[in-house]
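What follows is the content of work_38.cif (mmCIF, C-alpha atoms).
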```cif
data_entry
#
loop_
_atom_site.label_atom_id
_atom_site.label_comp_id
_atom_site.auth_asym_id
_atom_site.auth_seq_id
_atom_site.Cartn_x
_atom_site.Cartn_y
_atom_site.Cartn_z
CA MET X 284 -14.65 46.04 47.58
CA ALA X 285 -16.09 42.66 46.49
CA SER X 286 -15.64 43.49 42.82
CA GLY X 287 -12.05 44.51 43.53
CA ARG X 288 -11.39 41.15 45.14
CA GLU X 289 -12.99 39.35 42.19
CA ARG X 290 -10.89 41.14 39.59
CA PRO X 291 -7.57 39.32 40.35
CA GLY X 292 -9.41 35.99 40.41
CA ARG X 293 -11.02 36.75 37.07
CA ARG X 294 -7.63 37.72 35.66
CA ARG X 295 -6.10 34.46 36.88
CA ALA X 296 -8.95 32.53 35.24
CA TRP X 297 -8.35 34.32 31.93
CA ILE X 298 -4.63 33.59 32.15
CA ALA X 299 -5.28 29.94 32.96
CA GLY X 300 -7.77 29.69 30.10
CA ALA X 301 -5.38 31.33 27.66
CA ALA X 302 -2.60 29.00 28.78
CA LEU X 303 -4.87 25.99 28.29
CA LEU X 304 -5.83 27.15 24.82
CA ALA X 305 -2.18 27.65 23.96
CA VAL X 306 -1.37 24.12 25.14
CA LEU X 307 -4.28 22.67 23.17
CA ALA X 308 -3.27 24.61 20.06
CA ALA X 309 0.32 23.43 20.40
CA ALA X 310 -0.85 19.83 20.87
CA ALA X 311 -3.15 20.06 17.85
CA GLY X 312 -0.34 21.56 15.78
CA ALA X 313 2.08 18.84 16.85
CA GLY X 314 -0.51 16.18 16.07
CA ALA X 315 -1.18 17.69 12.67
CA TRP X 316 2.53 17.82 11.81
CA TYR X 317 3.00 14.23 13.00
CA GLY X 318 0.01 13.12 10.93
CA SER X 319 1.46 14.87 7.91
CA ASP X 320 4.78 13.11 8.49
CA GLN X 321 2.96 9.77 8.53
CA SER X 322 1.59 10.57 5.08
CA ILE X 323 4.48 12.14 3.19
CA LYS X 324 7.77 11.45 5.00
CA VAL X 325 10.10 8.95 3.33
CA VAL X 326 10.86 6.07 5.72
CA ARG X 327 13.27 3.14 5.45
CA HIS X 328 12.22 0.09 7.42
CA GLY X 329 14.27 -1.95 9.86
CA THR X 330 15.52 -5.49 9.46
CA SER X 331 14.41 -7.38 12.60
CA ASN X 332 11.13 -7.65 14.49
CA THR X 333 11.22 -11.13 16.01
CA ARG X 334 13.52 -13.96 17.14
CA VAL X 335 13.48 -17.71 16.51
CA LEU X 336 12.96 -19.56 19.80
CA ALA X 337 12.93 -23.18 18.60
CA VAL X 338 13.02 -25.32 15.45
CA GLN X 339 11.85 -28.91 15.02
CA ASP X 340 10.26 -31.20 12.39
CA GLY X 341 9.14 -28.57 9.90
CA LEU X 342 8.02 -26.14 12.59
CA VAL X 343 9.43 -22.80 13.71
CA THR X 344 8.64 -21.17 17.06
CA LEU X 345 8.86 -17.37 17.16
CA GLU X 346 8.49 -14.72 19.80
CA GLN X 347 4.84 -13.79 20.11
CA SER X 348 3.89 -10.36 18.76
CA PRO X 349 0.95 -8.81 16.94
CA GLN X 350 2.81 -9.61 13.70
CA THR X 351 3.82 -13.22 14.35
CA ALA X 352 0.39 -14.09 15.79
CA LYS X 353 -1.44 -13.38 12.51
CA PRO X 354 -3.08 -16.34 10.75
CA GLY X 355 -2.11 -17.14 7.18
CA THR X 356 1.01 -17.24 4.99
CA TYR X 357 3.98 -14.99 5.75
CA TRP X 358 7.75 -14.88 5.38
CA LEU X 359 10.65 -14.85 7.80
CA GLU X 360 13.86 -13.22 6.55
CA TRP X 361 17.25 -13.36 8.24
CA SER X 362 20.89 -12.88 7.22
CA GLY X 363 20.13 -12.95 3.49
CA ALA X 364 17.99 -16.10 3.74
CA HIS X 365 14.23 -16.59 4.00
CA THR X 366 11.52 -19.14 4.60
CA MET X 367 7.79 -19.15 3.87
CA LEU X 368 5.72 -19.87 6.95
CA GLY X 369 2.17 -21.20 7.06
CA ASP X 370 -0.56 -21.28 9.64
CA ILE X 371 -0.12 -21.30 13.41
CA VAL X 372 -0.14 -24.78 14.94
CA SER X 373 0.26 -23.83 18.61
CA ARG X 374 0.37 -20.86 20.96
CA THR X 375 1.86 -20.68 24.43
CA PRO X 376 2.62 -17.56 26.47
CA GLY X 377 5.19 -15.54 24.52
CA ARG X 378 5.57 -18.21 21.79
CA ILE X 379 3.99 -18.82 18.37
CA THR X 380 4.71 -22.01 16.42
CA ARG X 381 4.10 -22.09 12.67
CA THR X 382 4.58 -24.60 9.85
CA VAL X 383 7.43 -24.22 7.35
CA LEU X 384 6.06 -24.24 3.79
CA ARG X 385 9.28 -23.77 1.84
CA GLY X 386 12.85 -22.63 2.27
CA PRO X 387 15.63 -23.27 4.80
CA VAL X 388 15.07 -23.15 8.53
CA PRO X 389 16.99 -20.74 10.79
CA SER X 390 18.59 -21.93 13.98
CA ALA X 391 17.23 -21.09 17.41
CA GLY X 392 18.23 -17.64 18.62
CA THR X 393 18.29 -16.12 15.13
CA PRO X 394 16.80 -12.60 14.88
CA GLY X 395 14.67 -12.08 11.81
CA PHE X 396 12.00 -10.02 10.09
CA PHE X 397 8.49 -11.44 9.96
CA GLY X 398 6.56 -9.81 7.15
CA ASN X 399 3.68 -10.15 4.69
CA VAL X 400 5.60 -9.56 1.44
CA PRO X 401 7.80 -11.94 -0.56
CA PRO X 402 11.56 -11.60 -0.09
CA GLY X 403 14.02 -10.53 -2.72
CA ASP X 404 13.30 -10.41 -6.44
CA PRO X 405 11.17 -12.67 -8.68
CA GLY X 406 13.93 -15.27 -8.81
CA VAL X 407 14.46 -15.32 -5.06
CA ALA X 408 10.75 -15.27 -4.21
CA TRP X 409 9.36 -17.69 -6.78
CA GLY X 410 12.24 -19.00 -8.91
CA ILE X 411 10.94 -17.04 -11.91
CA GLY X 412 13.47 -15.59 -14.32
CA HIS X 413 13.59 -11.85 -14.79
CA THR X 414 15.77 -8.94 -15.80
CA GLU X 415 16.20 -5.56 -14.19
CA ILE X 416 15.59 -2.65 -16.52
CA MET X 417 15.89 1.09 -16.01
CA VAL X 418 12.85 3.23 -16.74
CA PRO X 419 13.72 6.77 -17.87
CA THR X 420 11.56 9.05 -15.71
CA GLU X 421 11.51 12.86 -15.68
CA LEU X 422 13.73 12.78 -12.57
CA GLY X 423 16.16 10.14 -13.77
CA PRO X 424 16.32 6.36 -14.26
CA ALA X 425 14.24 4.17 -11.94
CA PRO X 426 14.79 0.39 -11.70
CA ALA X 427 12.06 -2.12 -12.51
CA TRP X 428 11.84 -5.91 -12.61
CA TYR X 429 10.70 -7.31 -15.94
CA VAL X 430 9.39 -10.85 -16.32
CA PRO X 431 8.76 -11.71 -19.99
CA GLY X 432 5.62 -13.39 -21.26
CA THR X 433 3.87 -14.37 -24.49
CA SER X 434 1.22 -11.62 -24.57
CA THR X 435 1.36 -8.01 -25.72
CA THR X 436 -0.78 -7.09 -22.70
CA TRP X 437 1.50 -6.35 -19.76
CA VAL X 438 0.74 -6.25 -16.05
CA VAL X 439 2.39 -3.20 -14.47
CA ALA X 440 2.61 -3.30 -10.67
CA VAL X 441 2.83 -0.28 -8.34
CA HIS X 442 3.60 -0.65 -4.63
CA GLY X 443 2.36 1.53 -1.78
CA GLN X 444 3.61 4.27 0.51
CA ASN X 445 7.16 3.65 1.75
CA GLY X 446 6.89 0.13 0.41
CA ARG X 447 9.13 -1.83 -1.91
CA ARG X 448 8.45 -3.40 -5.27
CA LYS X 449 8.80 -6.89 -3.77
CA ALA X 450 5.37 -6.32 -2.18
CA GLU X 451 3.81 -6.70 -5.65
CA LEU X 452 5.31 -10.15 -6.22
CA LYS X 453 2.37 -11.91 -4.55
CA ILE X 454 0.45 -12.03 -7.84
CA LEU X 455 3.44 -12.93 -10.03
CA PRO X 456 2.89 -16.74 -10.07
CA VAL X 457 -0.65 -16.26 -11.41
CA VAL X 458 0.41 -13.59 -13.93
CA HIS X 459 3.30 -15.76 -15.11
CA ARG X 460 1.08 -18.84 -15.60
CA LEU X 461 -1.21 -16.75 -17.80
CA GLY X 462 1.72 -15.73 -20.00
CA LEU X 463 1.34 -12.00 -19.28
CA PRO X 464 4.58 -9.99 -19.09
CA PHE X 465 5.06 -8.44 -15.66
CA LEU X 466 6.72 -5.09 -14.95
CA ASP X 467 7.24 -4.27 -11.26
CA ILE X 468 8.25 -0.62 -11.06
CA THR X 469 9.83 1.78 -8.61
CA TYR X 470 9.05 5.47 -8.44
CA ARG X 471 10.50 8.67 -6.97
CA ASN X 472 11.93 8.33 -3.43
CA ASP X 473 12.22 4.53 -3.68
CA GLU X 474 15.53 2.88 -2.95
CA GLY X 475 17.52 3.04 -6.19
CA ALA X 476 15.13 5.55 -7.76
CA PRO X 477 15.65 9.33 -7.94
CA PRO X 478 14.34 11.45 -5.05
CA SER X 479 11.55 13.94 -5.49
CA PRO X 480 12.69 17.60 -5.57
CA ASP X 481 11.40 18.21 -2.04
CA GLY X 482 12.31 14.75 -0.71
CA LEU X 483 8.68 14.05 0.22
CA LEU X 484 5.96 11.68 -0.98
CA HIS X 485 3.13 13.30 -2.92
CA LEU X 486 0.48 10.62 -2.35
CA GLY X 487 0.12 9.88 -6.06
CA ASP X 488 -0.18 13.49 -7.18
CA ALA X 489 3.29 13.39 -8.79
CA GLU X 490 4.16 9.68 -8.70
CA TRP X 491 1.66 8.84 -11.46
CA ARG X 492 4.08 10.41 -13.92
CA ASP X 493 6.64 7.72 -13.09
CA LEU X 494 4.00 5.08 -13.84
CA GLU X 495 3.34 6.82 -17.14
CA ALA X 496 7.08 6.73 -17.90
CA ALA X 497 7.06 2.97 -17.23
CA LEU X 498 4.23 2.42 -19.70
CA ARG X 499 5.97 4.54 -22.32
CA HIS X 500 9.10 2.46 -21.89
CA ALA X 501 7.13 -0.80 -21.99
CA ARG X 502 5.70 0.24 -25.35
CA THR X 503 9.23 0.45 -26.76
CA MET X 504 9.65 -3.17 -25.61
CA GLY X 505 6.54 -4.43 -27.41
CA ALA X 506 3.68 -3.78 -24.99
CA ARG X 507 0.39 -2.77 -26.59
CA ARG X 508 -2.16 -2.92 -23.78
CA PHE X 509 -1.88 -2.86 -19.98
CA VAL X 510 -3.30 -4.11 -16.72
CA LEU X 511 -2.49 -1.96 -13.68
CA TYR X 512 -2.01 -3.60 -10.29
CA GLY X 513 -1.74 -1.16 -7.39
CA THR X 514 -1.61 -1.82 -3.66
CA SER X 515 -2.22 0.83 -0.99
CA MET X 516 -0.91 4.17 -2.31
CA GLY X 517 -0.14 2.32 -5.54
CA GLY X 518 -3.90 2.25 -6.11
CA GLN X 519 -4.05 6.04 -5.83
CA ILE X 520 -1.11 6.30 -8.25
CA ALA X 521 -2.97 4.09 -10.74
CA GLY X 522 -6.11 6.19 -10.26
CA GLN X 523 -4.29 9.46 -10.90
CA PHE X 524 -2.73 7.91 -14.01
CA LEU X 525 -6.22 7.06 -15.27
CA ALA X 526 -7.35 10.60 -14.50
CA ARG X 527 -4.45 12.50 -16.00
CA SER X 528 -2.34 10.48 -18.44
CA PRO X 529 -2.90 10.54 -22.22
CA LEU X 530 -1.97 6.84 -22.12
CA ALA X 531 -4.90 5.93 -19.85
CA GLY X 532 -6.88 4.56 -22.80
CA LEU X 533 -4.32 1.77 -23.17
CA VAL X 534 -5.37 0.21 -19.85
CA ASP X 535 -7.71 -2.79 -20.25
CA ARG X 536 -8.35 -3.45 -16.56
CA VAL X 537 -7.16 -2.56 -13.08
CA ILE X 538 -6.62 -4.46 -9.82
CA MET X 539 -6.46 -2.51 -6.57
CA ASP X 540 -5.62 -4.11 -3.23
CA ALA X 541 -6.41 -2.02 -0.13
CA PRO X 542 -6.03 1.20 -2.14
CA MET X 543 -5.80 4.71 -0.73
CA LEU X 544 -8.91 6.02 -2.46
CA ASP X 545 -9.51 9.19 -0.46
CA VAL X 546 -6.72 11.06 1.33
CA ARG X 547 -9.12 12.76 3.73
CA MET X 548 -10.70 9.49 4.84
CA THR X 549 -7.24 7.97 5.26
CA ALA X 550 -6.16 10.93 7.41
CA GLU X 551 -9.28 10.57 9.55
CA GLN X 552 -8.45 6.89 10.07
CA GLY X 553 -4.90 7.86 11.04
CA ALA X 554 -6.26 10.26 13.66
CA ARG X 555 -8.47 7.50 15.07
CA ASN X 556 -5.49 5.15 15.23
CA LEU X 557 -3.61 7.75 17.30
CA HIS X 558 -6.67 8.51 19.46
CA LEU X 559 -6.66 12.12 18.29
CA PRO X 560 -9.79 14.25 17.78
CA GLY X 561 -11.20 14.22 14.27
CA PHE X 562 -10.38 17.86 13.50
CA VAL X 563 -6.66 16.99 13.67
CA ALA X 564 -7.08 15.05 10.42
CA GLY X 565 -8.19 18.24 8.67
CA LEU X 566 -5.27 20.15 10.11
CA SER X 567 -2.93 17.37 9.05
CA ASN X 568 -4.15 17.60 5.48
CA GLN X 569 -3.66 21.37 5.53
CA VAL X 570 -0.08 20.87 6.71
CA THR X 571 0.44 18.27 3.98
CA GLU X 572 -0.85 20.69 1.36
CA TRP X 573 1.41 23.46 2.68
CA ARG X 574 4.48 21.20 2.65
CA THR X 575 3.92 19.64 -0.77
CA GLY X 576 1.62 21.95 -2.73
CA ILE X 577 -0.82 19.11 -3.50
CA ASP X 578 -4.61 19.41 -3.36
CA THR X 579 -5.72 16.61 -1.03
CA ASP X 580 -9.34 16.98 -2.10
CA ARG X 581 -8.35 16.17 -5.68
CA LEU X 582 -6.85 12.90 -4.43
CA SER X 583 -10.25 11.33 -3.92
CA LEU X 584 -11.15 8.78 -6.54
CA ILE X 585 -14.59 8.70 -4.90
CA ARG X 586 -15.44 12.40 -5.31
CA HIS X 587 -13.26 12.87 -8.41
CA PRO X 588 -13.31 9.54 -10.27
CA PRO X 589 -11.07 9.24 -13.35
CA LYS X 590 -12.59 9.81 -16.77
CA VAL X 591 -11.07 6.55 -17.99
CA ARG X 592 -12.67 3.75 -15.96
CA PRO X 593 -11.70 0.26 -17.12
CA PRO X 594 -13.06 -2.80 -15.28
CA LEU X 595 -11.73 -2.84 -11.72
CA LEU X 596 -11.15 -5.72 -9.31
CA LEU X 597 -11.22 -4.12 -5.87
CA ILE X 598 -9.84 -6.21 -2.99
CA HIS X 599 -9.92 -5.01 0.61
CA THR X 600 -9.74 -6.60 4.05
CA VAL X 601 -12.53 -5.60 6.42
CA PRO X 602 -10.25 -5.04 9.48
CA ASP X 603 -7.84 -2.73 7.58
CA THR X 604 -6.75 0.02 10.00
CA ASP X 605 -4.64 1.96 7.47
CA HIS X 606 -7.18 2.55 4.71
CA PRO X 607 -10.67 1.89 6.07
CA ILE X 608 -12.84 -0.42 4.02
CA GLN X 609 -15.45 2.36 3.88
CA GLU X 610 -13.24 3.95 1.21
CA ALA X 611 -13.76 0.87 -0.95
CA ARG X 612 -17.50 0.75 -0.27
CA ASP X 613 -17.86 4.41 -1.19
CA LEU X 614 -15.98 3.85 -4.46
CA VAL X 615 -18.28 0.94 -5.30
CA ALA X 616 -21.28 3.21 -4.70
CA ALA X 617 -19.77 5.88 -6.93
CA GLY X 618 -19.05 3.25 -9.56
CA LEU X 619 -22.68 2.16 -9.60
CA ARG X 620 -23.78 5.73 -10.30
CA LEU X 621 -21.21 6.09 -13.09
CA GLY X 622 -21.59 2.70 -14.72
CA TRP X 623 -18.00 1.86 -13.75
CA PRO X 624 -17.65 -1.94 -13.70
CA ILE X 625 -16.20 -2.69 -10.26
CA ARG X 626 -15.97 -6.18 -8.80
CA PHE X 627 -15.67 -5.71 -5.05
CA GLU X 628 -14.17 -8.58 -3.05
CA PRO X 629 -13.95 -7.95 0.72
CA PHE X 630 -11.92 -10.35 2.87
CA GLU X 631 -13.21 -10.79 6.41
CA ARG X 632 -9.75 -11.30 7.92
CA GLY X 633 -6.37 -9.68 7.54
CA GLU X 634 -4.82 -6.29 8.10
CA HIS X 635 -3.69 -3.80 5.47
CA THR X 636 -2.75 -5.51 2.14
CA GLU X 637 -2.98 -8.95 3.77
CA ALA X 638 -5.86 -10.45 1.77
CA TRP X 639 -3.40 -12.70 -0.09
CA ASN X 640 -1.77 -13.75 3.16
CA VAL X 641 -4.99 -14.81 4.88
CA ASP X 642 -6.52 -16.60 1.87
CA ARG X 643 -4.03 -17.14 -0.93
CA ALA X 644 -6.23 -19.64 -2.79
CA ARG X 645 -9.14 -17.23 -3.07
CA TYR X 646 -6.91 -14.26 -3.94
CA ASP X 647 -5.11 -16.17 -6.69
CA ARG X 648 -8.41 -17.43 -8.10
CA LEU X 649 -9.84 -13.90 -8.22
CA VAL X 650 -6.77 -12.53 -9.99
CA HIS X 651 -6.66 -15.47 -12.42
CA ASP X 652 -10.31 -15.15 -13.40
CA PHE X 653 -10.09 -11.37 -13.74
CA LEU X 654 -6.96 -11.50 -15.91
CA SER X 655 -7.94 -14.46 -18.07
CA PRO X 656 -9.88 -12.29 -20.57
CA ALA X 657 -6.77 -10.12 -21.01
CA GLN X 658 -4.72 -13.24 -21.66
CA SER X 659 -7.18 -14.77 -24.13
CA SER X 660 -7.84 -11.58 -26.13
CA HIS X 661 -4.19 -10.63 -26.66
#
```
Full structure transcribed into structure tokens:
Amino acid sequence: MASGRERPGRRRAWIAGAALLAVLAAAAGAGAWYGSDQSIKVVRHGTSNTRVLAVQDGLVTLEQSPQTAKPGTYWLEWSGAHTMLGDIVSRTPGRITRTVLRGPVPSAGTPGFFGNVPPGDPGVAWGIGHTEIMVPTELGPAPAWYVPGTSTTWVVAVHGQNGRRKAELKILPVVHRLGLPFLDITYRNDEGAPPSPDGLLHLGDAEWRDLEAALRHARTMGARRFVLYGTSMGGQIAGQFLARSPLAGLVDRVIMDAPMLDVRMTAEQGARNLHLPGFVAGLSNQVTEWRTGIDTDRLSLIRHPPKVRPPLLLIHTVPDTDHPIQEARDLVAAGLRLGWPIRFEPFERGEHTEAWNVDRARYDRLVHDFLSPAQSSH
């Protein structure tokens, strides 16, 4: 009789356990799909994340937020205008006051976007003349900003995931002073550029071909050698170009800022950011591979370094929570084994791609010194 009474209880336990497993599996699946979306979904960003509270004597007071409370140099954009803001001079509950470095000042009550990238185009951001050209890619024409120079060695800039080409304008003043032509490209799924066939990002696995198209076009305009500058996913795009393009031998040197060097490590960081168990990162990569057909293991410049390895200036902020600095350290270790000349420059402050913002003087000096040989030899 006792065993008969236990049987319904055991059955209920099995049902409860099965239900729990089903819930956990569904949660893991949802987390994996969400993680995949974070990697490959095309996103357009909003236009406002703060509000001006007060303006006086070269100072602007903004609503306090994790963005507006960052130290360093940033921009505030509003209604087609912009101003460059410097360091924080005071903090009170809910309020951050910063210095105005250049540009007009908005009136109190104005909503605006506080960000770490220059506004507009080269003329708007720095007053540097440029033209917009169209690069013929395999999917159709993609716009690029071209700033002429006196050298036949061009700097070609590649922005990151769901970014915009204006993000690459931080180094333009240094490049322009050195006389190096500057080509700031777009690639598939960018605003104004053709979409990919599946409408998804491919984490550099396909986008490198648009970079190759840009270099081919630059050669018709007089370019002979190249420097690649890639930030975030732009670094992975540059790496895949070096690994796969027949034009890779034309690259004299490379600068990477907070690059996505290993898709698996990036996915694991994303899981940590969302407080998800580590195995979800692996599931997320499997979902990404299923949705796009890419091999995420191949997209590791650490485990699969490119055969063409020109001198590399590698910049990364230590607190980066998008692409962990361990990716950069592991690439440096791989470079030592391979004889790949890598100059690694960690910045102790700043979030993802914010090394320039937290220490512009040091960043500009590093870029200038690294590019000077390219300028002098061509």
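Closest approach to Arg626 of chain X among X:Met539, X:Leu559, X:Val591, X:Met548: X:Met539, based on all atoms listed in the file.
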Determine, using all atoms listed in the file, which residues of segment 373-446 of chain X have any atom at most 12 Å from an atom of segment 344-364 of chain X, and tabulate each with its shortest atom pair and distance in Å to one decimal place, rows ordered by chain and then rising number, as CSV.
```
residue,atom,partner,partner_atom,distance
X:Ser373,CA,X:Thr344,CA,8.9
X:Arg374,CA,X:Gln347,CA,8.4
X:Thr375,CA,X:Gln347,CA,8.7
X:Pro376,CA,X:Gln347,CA,7.7
X:Gly377,CA,X:Gln347,CA,4.8
X:Arg378,CA,X:Gln347,CA,4.8
X:Ile379,CA,X:Leu345,CA,5.2
X:Thr380,CA,X:Thr344,CA,4.1
X:Arg381,CA,X:Thr344,CA,6.4
X:Thr382,CA,X:Thr344,CA,9.0
X:Val383,CA,X:Trp358,CA,9.6
X:Leu384,CA,X:Thr356,CA,8.7
X:Arg385,CA,X:Trp358,CA,9.7
X:Gly386,CA,X:Ala364,CA,8.4
X:Pro387,CA,X:Ala364,CA,7.6
X:Val388,CA,X:Ala364,CA,9.0
X:Pro389,CA,X:Trp361,CA,7.8
X:Ser390,CA,X:Trp361,CA,10.4
X:Ala391,CA,X:Thr344,CA,8.6
X:Gly392,CA,X:Leu345,CA,9.5
X:Thr393,CA,X:Trp361,CA,7.5
X:Pro394,CA,X:Trp361,CA,6.7
X:Gly395,CA,X:Trp361,CA,4.6
X:Phe396,CA,X:Glu360,CA,5.1
X:Phe397,CA,X:Leu359,CA,4.6
X:Gly398,CA,X:Trp358,CA,5.5
X:Asn399,CA,X:Tyr357,CA,5.0
X:Val400,CA,X:Trp358,CA,7.0
X:Pro401,CA,X:Trp358,CA,6.6
X:Pro402,CA,X:Glu360,CA,7.2
X:Gly403,CA,X:Gly363,CA,9.0
X:Val407,CA,X:Ala364,CA,9.5
X:Ala408,CA,X:Trp358,CA,10.1
```
Just write the chosen residues, C-alpha atoms, as a tab-separated table (two decimals), in the frame of the given file.
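See result-v6.tsv below for the written result:
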```tsv
chain	number	residue	atom	x	y	z
X	373	SER	CA	0.26	-23.83	18.61
X	374	ARG	CA	0.37	-20.86	20.96
X	375	THR	CA	1.86	-20.68	24.43
X	376	PRO	CA	2.62	-17.56	26.47
X	377	GLY	CA	5.19	-15.54	24.52
X	378	ARG	CA	5.57	-18.21	21.79
X	379	ILE	CA	3.99	-18.82	18.37
X	380	THR	CA	4.71	-22.01	16.42
X	381	ARG	CA	4.10	-22.09	12.67
X	382	THR	CA	4.58	-24.60	9.85
X	383	VAL	CA	7.43	-24.22	7.35
X	384	LEU	CA	6.06	-24.24	3.79
X	385	ARG	CA	9.28	-23.77	1.84
X	386	GLY	CA	12.85	-22.63	2.27
X	387	PRO	CA	15.63	-23.27	4.80
X	388	VAL	CA	15.07	-23.15	8.53
X	389	PRO	CA	16.99	-20.74	10.79
X	390	SER	CA	18.59	-21.93	13.98
X	391	ALA	CA	17.23	-21.09	17.41
X	392	GLY	CA	18.23	-17.64	18.62
X	393	THR	CA	18.29	-16.12	15.13
X	394	PRO	CA	16.80	-12.60	14.88
X	395	GLY	CA	14.67	-12.08	11.81
X	396	PHE	CA	12.00	-10.02	10.09
X	397	PHE	CA	8.49	-11.44	9.96
X	398	GLY	CA	6.56	-9.81	7.15
X	399	ASN	CA	3.68	-10.15	4.69
X	400	VAL	CA	5.60	-9.56	1.44
X	401	PRO	CA	7.80	-11.94	-0.56
X	402	PRO	CA	11.56	-11.60	-0.09
X	403	GLY	CA	14.02	-10.53	-2.72
X	407	VAL	CA	14.46	-15.32	-5.06
X	408	ALA	CA	10.75	-15.27	-4.21
```
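Taking atom CA of Arg448 of chain X and atom CA of Asp473 of chain X as the two end points, the separation is 8.9 Å.
The nearest approach to Met504 of chain X among the residues X:Thr636, X:Ser331, X:Ser434, X:Ser655, with all atoms listed in the file taken into account, belongs to X:Ser434.
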If I take atom CA of Val438 of chain X and atom CA of Pro542 of chain X, how far is one from the other in Å, to one decimal? 17.2 Å
Could you state which residues are captured by the PyMOL selection byres ((chain X and resi 424) around 10) in this file, as number ranges by chain? X: 416-423, 425-427, 469-471, 475-477, 493, 496
Output C-alpha atoms of each residue in that selection to a file, as an mmCIF file, in the coordinates of the input.
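Result written to result16.cif:
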```
data_model
loop_
_atom_site.group_PDB
_atom_site.id
_atom_site.type_symbol
_atom_site.label_atom_id
_atom_site.label_comp_id
_atom_site.auth_asym_id
_atom_site.auth_seq_id
_atom_site.Cartn_x
_atom_site.Cartn_y
_atom_site.Cartn_z
ATOM 1 C CA ILE X 416 15.590 -2.650 -16.520
ATOM 2 C CA MET X 417 15.890 1.090 -16.010
ATOM 3 C CA VAL X 418 12.850 3.230 -16.740
ATOM 4 C CA PRO X 419 13.720 6.770 -17.870
ATOM 5 C CA THR X 420 11.560 9.050 -15.710
ATOM 6 C CA GLU X 421 11.510 12.860 -15.680
ATOM 7 C CA LEU X 422 13.730 12.780 -12.570
ATOM 8 C CA GLY X 423 16.160 10.140 -13.770
ATOM 9 C CA ALA X 425 14.240 4.170 -11.940
ATOM 10 C CA PRO X 426 14.790 0.390 -11.700
ATOM 11 C CA ALA X 427 12.060 -2.120 -12.510
ATOM 12 C CA THR X 469 9.830 1.780 -8.610
ATOM 13 C CA TYR X 470 9.050 5.470 -8.440
ATOM 14 C CA ARG X 471 10.500 8.670 -6.970
ATOM 15 C CA GLY X 475 17.520 3.040 -6.190
ATOM 16 C CA ALA X 476 15.130 5.550 -7.760
ATOM 17 C CA PRO X 477 15.650 9.330 -7.940
ATOM 18 C CA ASP X 493 6.640 7.720 -13.090
ATOM 19 C CA ALA X 496 7.080 6.730 -17.900
#
```
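With distances restricted to all atoms listed in the file, X:Ala506 is the closest residue to Pro464 of chain X from X:Leu336, X:Ala506, X:Ala489, X:Ile585.
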Evaluate the PyMOL selection byres ((chain X and resi 440) around 7) and record the selected residues as a PyMOL selection string, following the chain and residue labels used in the document. chain X and resi 438-439+441-442+451+466-468+511-513
Writing out the chosen residues with C-alpha atoms as a CSV table (one decimal), in the coordinates of the input:
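Once written, result.csv looks like this:
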```csv
chain,number,residue,atom,x,y,z
X,438,VAL,CA,0.7,-6.2,-16.0
X,439,VAL,CA,2.4,-3.2,-14.5
X,441,VAL,CA,2.8,-0.3,-8.3
X,442,HIS,CA,3.6,-0.6,-4.6
X,451,GLU,CA,3.8,-6.7,-5.6
X,466,LEU,CA,6.7,-5.1,-15.0
X,467,ASP,CA,7.2,-4.3,-11.3
X,468,ILE,CA,8.2,-0.6,-11.1
X,511,LEU,CA,-2.5,-2.0,-13.7
X,512,TYR,CA,-2.0,-3.6,-10.3
X,513,GLY,CA,-1.7,-1.2,-7.4
```
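Residues matched by the PyMOL selection byres ((chain X and resi 637) around 9) in this file are Gly355, Asn399, Val400, Asp540, Ala541, His599, Thr600, Asp603, Arg632, Gly633, Glu634, His635, Thr636, Ala638, Trp639, Asn640, Val641 and Asp642 of chain X.
Atom pair atom CA of Gln444 of chain X / atom CA of Asn472 of chain X has a distance of 10.1 Å (rounded to one decimal).
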